Every structure is written in C-alpha cells, then in structure tokens.
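Participant: Attaching a single structure in structure tokens format; questions to follow.
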Amino acid sequence: MAKLKISKKTSTALINSLGAGVVPRVGVEYIAVGREKELKSLLQNLDDIAEGVAAFRFIIGNYGSGKSFLLQLIRNRAMEQGFVVADADLSPERRLAGSNHEGVATYRELMSHLATKTRPDGGALVSILEGWINKIQQEVVKETEMRPNDNGFDDKVESKIREVVQYIEDLVHGFDFGSVIIAYWRGYRMDDDNLKNAAMRWLRGEFTTKVEAKAALGVRVIIDDSWYDYIKLFAKFIAEIGYKGLLILVDEAVHLYQISTTVTREKNYNRLLAMFNDTMQCKAEHLGIVVGGTTKFLEDPKRGLFADQAWQRRTKESRFVAQANVQEHLGPVIRLNPLSEAEILTLLQRLAEIHALNFGYEQTLTNRELKEFVQEIINRLGAEALLTPGEIVRDFMSVLNILHQNPGIAFSELIHGSKFKPTAMGKDADVDEDDAAEFSL
C-alpha cells in the first residue's frame, strides 16, 4: 500500500464517501478498476477537444454499474490536463428546459461547480478571469517594460483583452458576452466591486430581467432558457485565454425520463438533441459534453430517448456489434457492463488496504476471505448477474469498520453469521434505479 503514497486526507475522504454510499470526489484513481477501455475512449475525446473539436458522449448503465464513478474519474483527469470542468446532477428542479426556469437552474449549477486544477472544488469563475487578467498584465510588462502604475499601462491591457473578446463576438450573443467581460475588467481596473459583482452575476445567470442587466452592465440580454449558447461562448473564451477547453458533465439524466408530462419531457429531449447535433457537427469549439443515464432513459420505447426515431438513429447499437458480441467504445454511447469477479476482488483488496492505511493497522484479509465475502452476497442477494459494486462496496466498508473496532470477531464469523444481511439494492417497480443514493463503479 505504501506504493500508492495516498495522503491521510484522501484516504479519509475515500472511506467517508464509500461508507456513506456516495461516489468520492477525490482519490477515485486509487480504486479505479475494470474501466480502462472506457476511460481510454473518453481521454481520446479530451485530446480532440484540446484541438478545437467538440464531443458528446453518453455513459449508460444500470444502477451500480459505474456511471457516476466514471464521470468523476474523467472530471479529475480533465482538470489535471488543463481543462475547465463543470458538473451538475439533474433533478426535478434542474432540467435542460422548463417553464419555471429549470434550464437556467442547471446552468447556474454548472457555473457554481466550475473547476480547474488549482480550484478543484468549484467556484473557479473569479480565479479564471483574474488569473487571465494577471497573465495579460505580465505580458504587457514584459513587452513594454511598463509598470502597472505607469500612464497608458491599463489601456494596453484593455487592448489585449479586446483582442480575445473579438474572437467570440461573431457567435450568437457573443457581443454581449464580450461586453460583460470588458465590464469585469473595468471593475477590476477601477476597484469597482459593484461592477465586478454585476458582471459575475450575469455570467452565472443570476439576472432575472433584461432591465436589471441593462441598468447594471449596459447589455440587453440575460442568460435564460437559451443557456446552451452561452456554454459554447464560454468554451471558446476559455480556450482563447489558455485552457484546453470546457468539459460539461451531466449526471442523473434519468430525471428527464421521469418527467410525467409528455410535452415537457419531449421538450427536454429535443434540447438534448440540439446539443448533441451541435457538438457532433462541430458547430461548437473546445467543448465536451458527457451525460450519464440509465438504460431505461436511453432505450425505453415509450418514454426514453428511443421513443424518438431521431435518437434511435443516432444512438442505437450497430447490428454488427450485437452479432460479434463485442462492445464499441468509440461511438456516442458507452455502455457499462458488470465488472468481472477478478476485478471486484481487486477492488475489495484496494479498499481493504486503504482502510488499513488510514487507521494504521496491518491488512490481513486474504483473497480467499474476499472471495467468501463476494460469494456470501451472491448467495443472499441473488444471481451473480446482479452483482455490481453498488451492492457490495458499502457493505464491505461496514465489515472493515466492524472488524477494526472489534478485533475479537473473526472475518468468517462475521460474514457467515446470521446477523449479516447484505444491503439489498433491488429494483422497485415504482422507483427508478437511480433514485437512491449510490456508489457506482
């Protein structure tokens, strides 16, 4: 375990997250097992986005198959490579479109979670803008040998800022977006916090009326239900200021499937289709979108995306994939298959080692005992086909905690005892698989 060189902070975060049944925000690379091909495909998308191409991928799988985990893994990899990343979970209050500002709510969630390598926890918008301004100031100093207090210095900085803004003014709403960026610079230049805050509010989609925005910033538009246009603008902008691109991660897409009103559900699916077409046709630059959803969300012929022939044509598996009994990882849909028993055993071994390292004891569980644990859950919960990390990880962390706190209890005694009841993650006919909190791998 010493080879991992995992910090106390990271191991504690992993144990706390896994024990609570949620996907860890940090340290996921230490427990990444069995998703090498899927991750390689997504990393190829990052390379394409860095070259100016747009990408759109679905990660589809049943409850516990690893959607959220893979999204978190690619999020961390993207930040390490110099991307700006934003992620959001859809919900009844956050959709892609809606009559009660549900679409803007999703945009606001994405902007609040905006993250970079130096600000991985979100809220990176201010640091992105001010880091860019500081970089331009340094360039002016180097090129002109002027100092920030010299006459004309700020004018030269603004000139360089306008050069960047010009690259986005030809896009839809680009002129107003550029005006807000200039407004932020002027607030920064004059130490006007009100002007800077107004620009930030506009960029975060917090203005509710055009009158308010015009009074504060002199622009005639606000970010509303057409929020995706501004995502494209922001992607191009951050690429111009030195980042590799913008990666948008949207999880819990099953909430779109669960919309009861047909008209509203179709409106959201159409918005998703417009985003899909836009990126696939490279009408956006330096932008990647990854959406996580269940098999029902994609394939249900009545309420899923497959209810629309346009979606079927774009996302249905090729008949040659089915005939060859293989999995395609380069198409728009990545389908997550269950992990093998060997991969699950590797995962459990890593979890046991992390737990031992965190609490300072020697890990003594053998592969034979780990196999006993997996087999016990199979015997009590049902067929091996239902076995996913979502069914076993939280129980395994609980077992590790019990053994650590009660050294007199033997492993076999604990898992084979009548009191051990694996947490059932069974399907409820009235509740979708993704409604419950999950740890998925």
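Chain identifiers are assigned as A, B, and so on, following the order in which chains appear in the structure tokens; residues are numbered from 1 within each chain, and ligands are numbered from 1 in order of appearance.
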DSSP on the backbone, then: every residue of stretch 264-400 of chain A marked helix (DSSP H, G or I), written as a PyMOL selection string.

Facilitator: chain A and resi 264-280+295-299+305-307+309-315+319-324+341-359+367-381+384-386+389-400

Participant: Give me, as JSON lines, each residue of stretch 273-363 of chain A that comes within 12 Å of stretch 164-183 of chain A, together with its shortest interatomic pair and the distance in Å at one decimal, counting only C-alpha atoms, with rows ordered by chain and rising residue number.

Facilitator:
```
{"residue": "A:Lys283", "atom": "CA", "partner": "A:Leu171", "partner_atom": "CA", "distance": 10.3}
{"residue": "A:Ala284", "atom": "CA", "partner": "A:Leu171", "partner_atom": "CA", "distance": 9.8}
{"residue": "A:Glu285", "atom": "CA", "partner": "A:Ile168", "partner_atom": "CA", "distance": 10.9}
```

Participant: Filtering to C-alpha atoms, could you give me those residues as a PDB file, in the first residue's frame?

Facilitator:
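In the end it all went to result.pdb:
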```pdb
ATOM      1  CA  LYS A 283     -20.655  23.881 -34.504  1.00  0.00           C
ATOM      2  CA  ALA A 284     -19.088  24.300 -31.066  1.00  0.00           C
ATOM      3  CA  GLU A 285     -15.364  24.532 -30.349  1.00  0.00           C
TER       4      GLU A 285
END
```

Participant: Which value, in Å to one decimal, gives the distance between atom CA of A:Val26 and atom CA of A:Leu71?

Facilitator: 12.2 Å

Participant: Choose the residue, out of A:Asn149, A:Phe237, A:Ala216, A:Val250, that has the smallest atom-to-atom separation from A:Arg162; count only C-alpha atoms.

Facilitator: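 Of the candidates, the smallest distance to A:Arg162 is held by A:Phe237.
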
Participant: Could you pull the residues within 9 Å of stretch 342-349 of chain A, counting only C-alpha atoms, minus those fewer than 2 positions along the same chain, as a PyMOL selection string?

Facilitator: chain A and resi 31-34+339-340+351-354+365-367+370-371+374+388-389+393+396

Participant: Could the residues in this selection be saved with all heavy atoms as a CSV table (one decimal), in the first residue's frame?

Facilitator:
```csv
chain,number,residue,atom,x,y,z
A,31,ILE,N,-9.0,3.6,-6.7
A,31,ILE,CA,-10.0,2.5,-6.7
A,31,ILE,C,-10.6,2.3,-8.1
A,31,ILE,O,-11.6,1.6,-8.2
A,31,ILE,CB,-11.1,2.7,-5.6
A,31,ILE,CG1,-11.8,4.0,-5.8
A,31,ILE,CG2,-10.5,2.6,-4.2
A,31,ILE,CD1,-13.0,4.2,-4.9
A,32,ALA,N,-9.9,2.8,-9.1
A,32,ALA,CA,-10.4,2.6,-10.5
A,32,ALA,C,-10.1,1.2,-11.0
A,32,ALA,O,-8.9,0.9,-11.1
A,32,ALA,CB,-9.8,3.7,-11.4
A,33,VAL,N,-11.0,0.4,-11.2
A,33,VAL,CA,-10.8,-1.0,-11.6
A,33,VAL,C,-11.8,-1.3,-12.7
A,33,VAL,O,-13.0,-1.0,-12.7
A,33,VAL,CB,-11.1,-2.0,-10.4
A,33,VAL,CG1,-11.0,-3.4,-10.9
A,33,VAL,CG2,-10.1,-1.7,-9.3
A,34,GLY,N,-11.2,-1.9,-13.8
A,34,GLY,CA,-12.0,-2.5,-14.8
A,34,GLY,C,-12.7,-1.6,-15.8
A,34,GLY,O,-13.5,-2.0,-16.6
A,339,LEU,N,-18.6,-5.6,-13.8
A,339,LEU,CA,-17.2,-6.0,-13.6
A,339,LEU,C,-17.1,-7.5,-13.4
A,339,LEU,O,-18.0,-8.2,-13.0
A,339,LEU,CB,-16.7,-5.3,-12.3
A,339,LEU,CG,-16.6,-3.8,-12.3
A,339,LEU,CD1,-16.0,-3.3,-11.0
A,339,LEU,CD2,-15.8,-3.2,-13.5
A,340,SER,N,-16.0,-8.0,-13.8
A,340,SER,CA,-15.7,-9.5,-13.6
A,340,SER,C,-15.5,-9.7,-12.1
A,340,SER,O,-15.2,-8.8,-11.3
A,340,SER,CB,-14.5,-9.9,-14.4
A,340,SER,OG,-13.3,-9.3,-13.9
A,351,LEU,N,-9.6,-1.5,-1.4
A,351,LEU,CA,-10.4,-0.9,-0.3
A,351,LEU,C,-9.9,-1.3,1.1
A,351,LEU,O,-9.7,-0.5,2.0
A,351,LEU,CB,-11.9,-1.2,-0.4
A,351,LEU,CG,-12.6,-0.7,-1.7
A,351,LEU,CD1,-14.0,-1.2,-1.7
A,351,LEU,CD2,-12.5,0.8,-1.7
A,352,ALA,N,-9.5,-2.6,1.2
A,352,ALA,CA,-9.0,-3.1,2.5
A,352,ALA,C,-7.7,-2.5,2.8
A,352,ALA,O,-7.4,-2.1,4.0
A,352,ALA,CB,-8.9,-4.6,2.4
A,353,GLU,N,-6.8,-2.3,1.8
A,353,GLU,CA,-5.5,-1.7,2.0
A,353,GLU,C,-5.6,-0.2,2.4
A,353,GLU,O,-4.9,0.3,3.3
A,353,GLU,CB,-4.7,-1.8,0.8
A,353,GLU,CG,-4.2,-3.3,0.5
A,353,GLU,CD,-3.5,-3.5,-0.8
A,353,GLU,OE1,-3.6,-2.6,-1.7
A,353,GLU,OE2,-2.9,-4.5,-1.0
A,354,ILE,N,-6.6,0.5,1.7
A,354,ILE,CA,-6.8,1.9,2.0
A,354,ILE,C,-7.3,2.1,3.5
A,354,ILE,O,-6.9,3.0,4.2
A,354,ILE,CB,-7.7,2.6,1.0
A,354,ILE,CG1,-7.1,2.7,-0.4
A,354,ILE,CG2,-8.2,3.9,1.5
A,354,ILE,CD1,-8.0,3.1,-1.5
A,365,LEU,N,-6.6,-9.5,5.5
A,365,LEU,CA,-7.6,-10.3,4.8
A,365,LEU,C,-6.9,-10.9,3.5
A,365,LEU,O,-6.2,-10.2,2.8
A,365,LEU,CB,-8.7,-9.4,4.3
A,365,LEU,CG,-9.6,-8.8,5.5
A,365,LEU,CD1,-10.7,-7.9,4.9
A,365,LEU,CD2,-10.2,-9.9,6.3
A,366,THR,N,-7.2,-12.2,3.3
A,366,THR,CA,-6.7,-12.9,2.2
A,366,THR,C,-7.7,-12.9,1.0
A,366,THR,O,-8.9,-12.6,1.2
A,366,THR,CB,-6.4,-14.3,2.6
A,366,THR,OG1,-7.7,-15.0,2.9
A,366,THR,CG2,-5.5,-14.4,3.8
A,367,ASN,N,-7.2,-13.3,-0.2
A,367,ASN,CA,-8.1,-13.4,-1.3
A,367,ASN,C,-9.2,-14.4,-1.1
A,367,ASN,O,-10.3,-14.2,-1.6
A,367,ASN,CB,-7.3,-13.7,-2.6
A,367,ASN,CG,-6.5,-12.5,-3.2
A,367,ASN,OD1,-6.9,-11.4,-2.9
A,367,ASN,ND2,-5.5,-12.8,-3.9
A,370,LEU,N,-11.8,-12.7,0.8
A,370,LEU,CA,-12.6,-11.8,0.0
A,370,LEU,C,-13.5,-12.5,-1.0
A,370,LEU,O,-14.7,-12.1,-1.2
A,370,LEU,CB,-11.6,-10.9,-0.8
A,370,LEU,CG,-10.7,-10.0,0.0
A,370,LEU,CD1,-9.7,-9.2,-1.0
A,370,LEU,CD2,-11.4,-9.1,0.8
A,371,LYS,N,-13.1,-13.6,-1.5
A,371,LYS,CA,-14.0,-14.5,-2.3
A,371,LYS,C,-15.2,-15.0,-1.5
A,371,LYS,O,-16.3,-15.0,-2.0
A,371,LYS,CB,-13.2,-15.6,-2.9
A,371,LYS,CG,-12.2,-15.2,-4.0
A,371,LYS,CD,-11.5,-16.5,-4.5
A,371,LYS,CE,-10.5,-16.1,-5.6
A,371,LYS,NZ,-9.8,-17.2,-6.2
A,374,VAL,N,-17.7,-12.1,-1.3
A,374,VAL,CA,-18.4,-11.9,-2.6
A,374,VAL,C,-19.5,-13.1,-2.7
A,374,VAL,O,-20.6,-12.8,-3.1
A,374,VAL,CB,-17.5,-11.9,-3.8
A,374,VAL,CG1,-18.3,-11.9,-5.1
A,374,VAL,CG2,-16.6,-10.7,-3.7
A,388,THR,N,-23.0,-6.0,-8.6
A,388,THR,CA,-22.3,-4.8,-9.0
A,388,THR,C,-21.6,-4.2,-7.8
A,388,THR,O,-22.1,-4.5,-6.7
A,388,THR,CB,-23.2,-3.8,-9.7
A,388,THR,OG1,-24.1,-3.3,-8.7
A,388,THR,CG2,-24.0,-4.4,-10.8
A,389,PRO,N,-20.6,-3.4,-8.0
A,389,PRO,CA,-20.0,-2.7,-6.8
A,389,PRO,C,-21.0,-2.0,-6.0
A,389,PRO,O,-20.8,-1.8,-4.8
A,389,PRO,CB,-19.0,-1.8,-7.5
A,389,PRO,CG,-18.6,-2.5,-8.7
A,389,PRO,CD,-19.9,-3.1,-9.2
A,393,VAL,N,-19.9,-2.6,-2.1
A,393,VAL,CA,-18.9,-1.7,-1.5
A,393,VAL,C,-19.3,-1.2,-0.2
A,393,VAL,O,-18.5,-1.2,0.8
A,393,VAL,CB,-18.6,-0.5,-2.5
A,393,VAL,CG1,-17.7,0.5,-1.8
A,393,VAL,CG2,-17.8,-1.1,-3.7
A,396,PHE,N,-19.0,-3.8,2.4
A,396,PHE,CA,-17.6,-4.2,2.7
A,396,PHE,C,-17.0,-3.2,3.6
A,396,PHE,O,-16.2,-3.6,4.5
A,396,PHE,CB,-16.9,-4.4,1.4
A,396,PHE,CG,-15.5,-4.9,1.5
A,396,PHE,CD1,-15.2,-6.2,2.0
A,396,PHE,CD2,-14.4,-4.1,1.3
A,396,PHE,CE1,-13.9,-6.6,2.2
A,396,PHE,CE2,-13.1,-4.5,1.4
A,396,PHE,CZ,-12.9,-5.8,1.9
```

Participant: Find the spatial neighbours of A:Glu51, counting only C-alpha atoms, within a cut-off of 9 Å - ignore same-chain residues fewer than 4 positions away - and output them as a ChimeraX atom specification.

Facilitator: /A:46-47,244-245,285-286

Participant: Got time to write the residues from that selection, C-alpha atoms, as an mmCIF file, in the first residue's frame?

Facilitator:
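Final output, result-v4.cif:
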```cif
data_model
loop_
_atom_site.group_PDB
_atom_site.id
_atom_site.type_symbol
_atom_site.label_atom_id
_atom_site.label_comp_id
_atom_site.auth_asym_id
_atom_site.auth_seq_id
_atom_site.Cartn_x
_atom_site.Cartn_y
_atom_site.Cartn_z
ATOM 1 C CA LEU A 46 -10.195 15.214 -24.378
ATOM 2 C CA ASP A 47 -7.389 15.193 -26.929
ATOM 3 C CA LYS A 244 -7.542 23.379 -23.326
ATOM 4 C CA GLY A 245 -11.329 23.502 -23.355
ATOM 5 C CA GLU A 285 -15.364 24.532 -30.349
ATOM 6 C CA HIS A 286 -13.291 23.194 -27.465
#
```
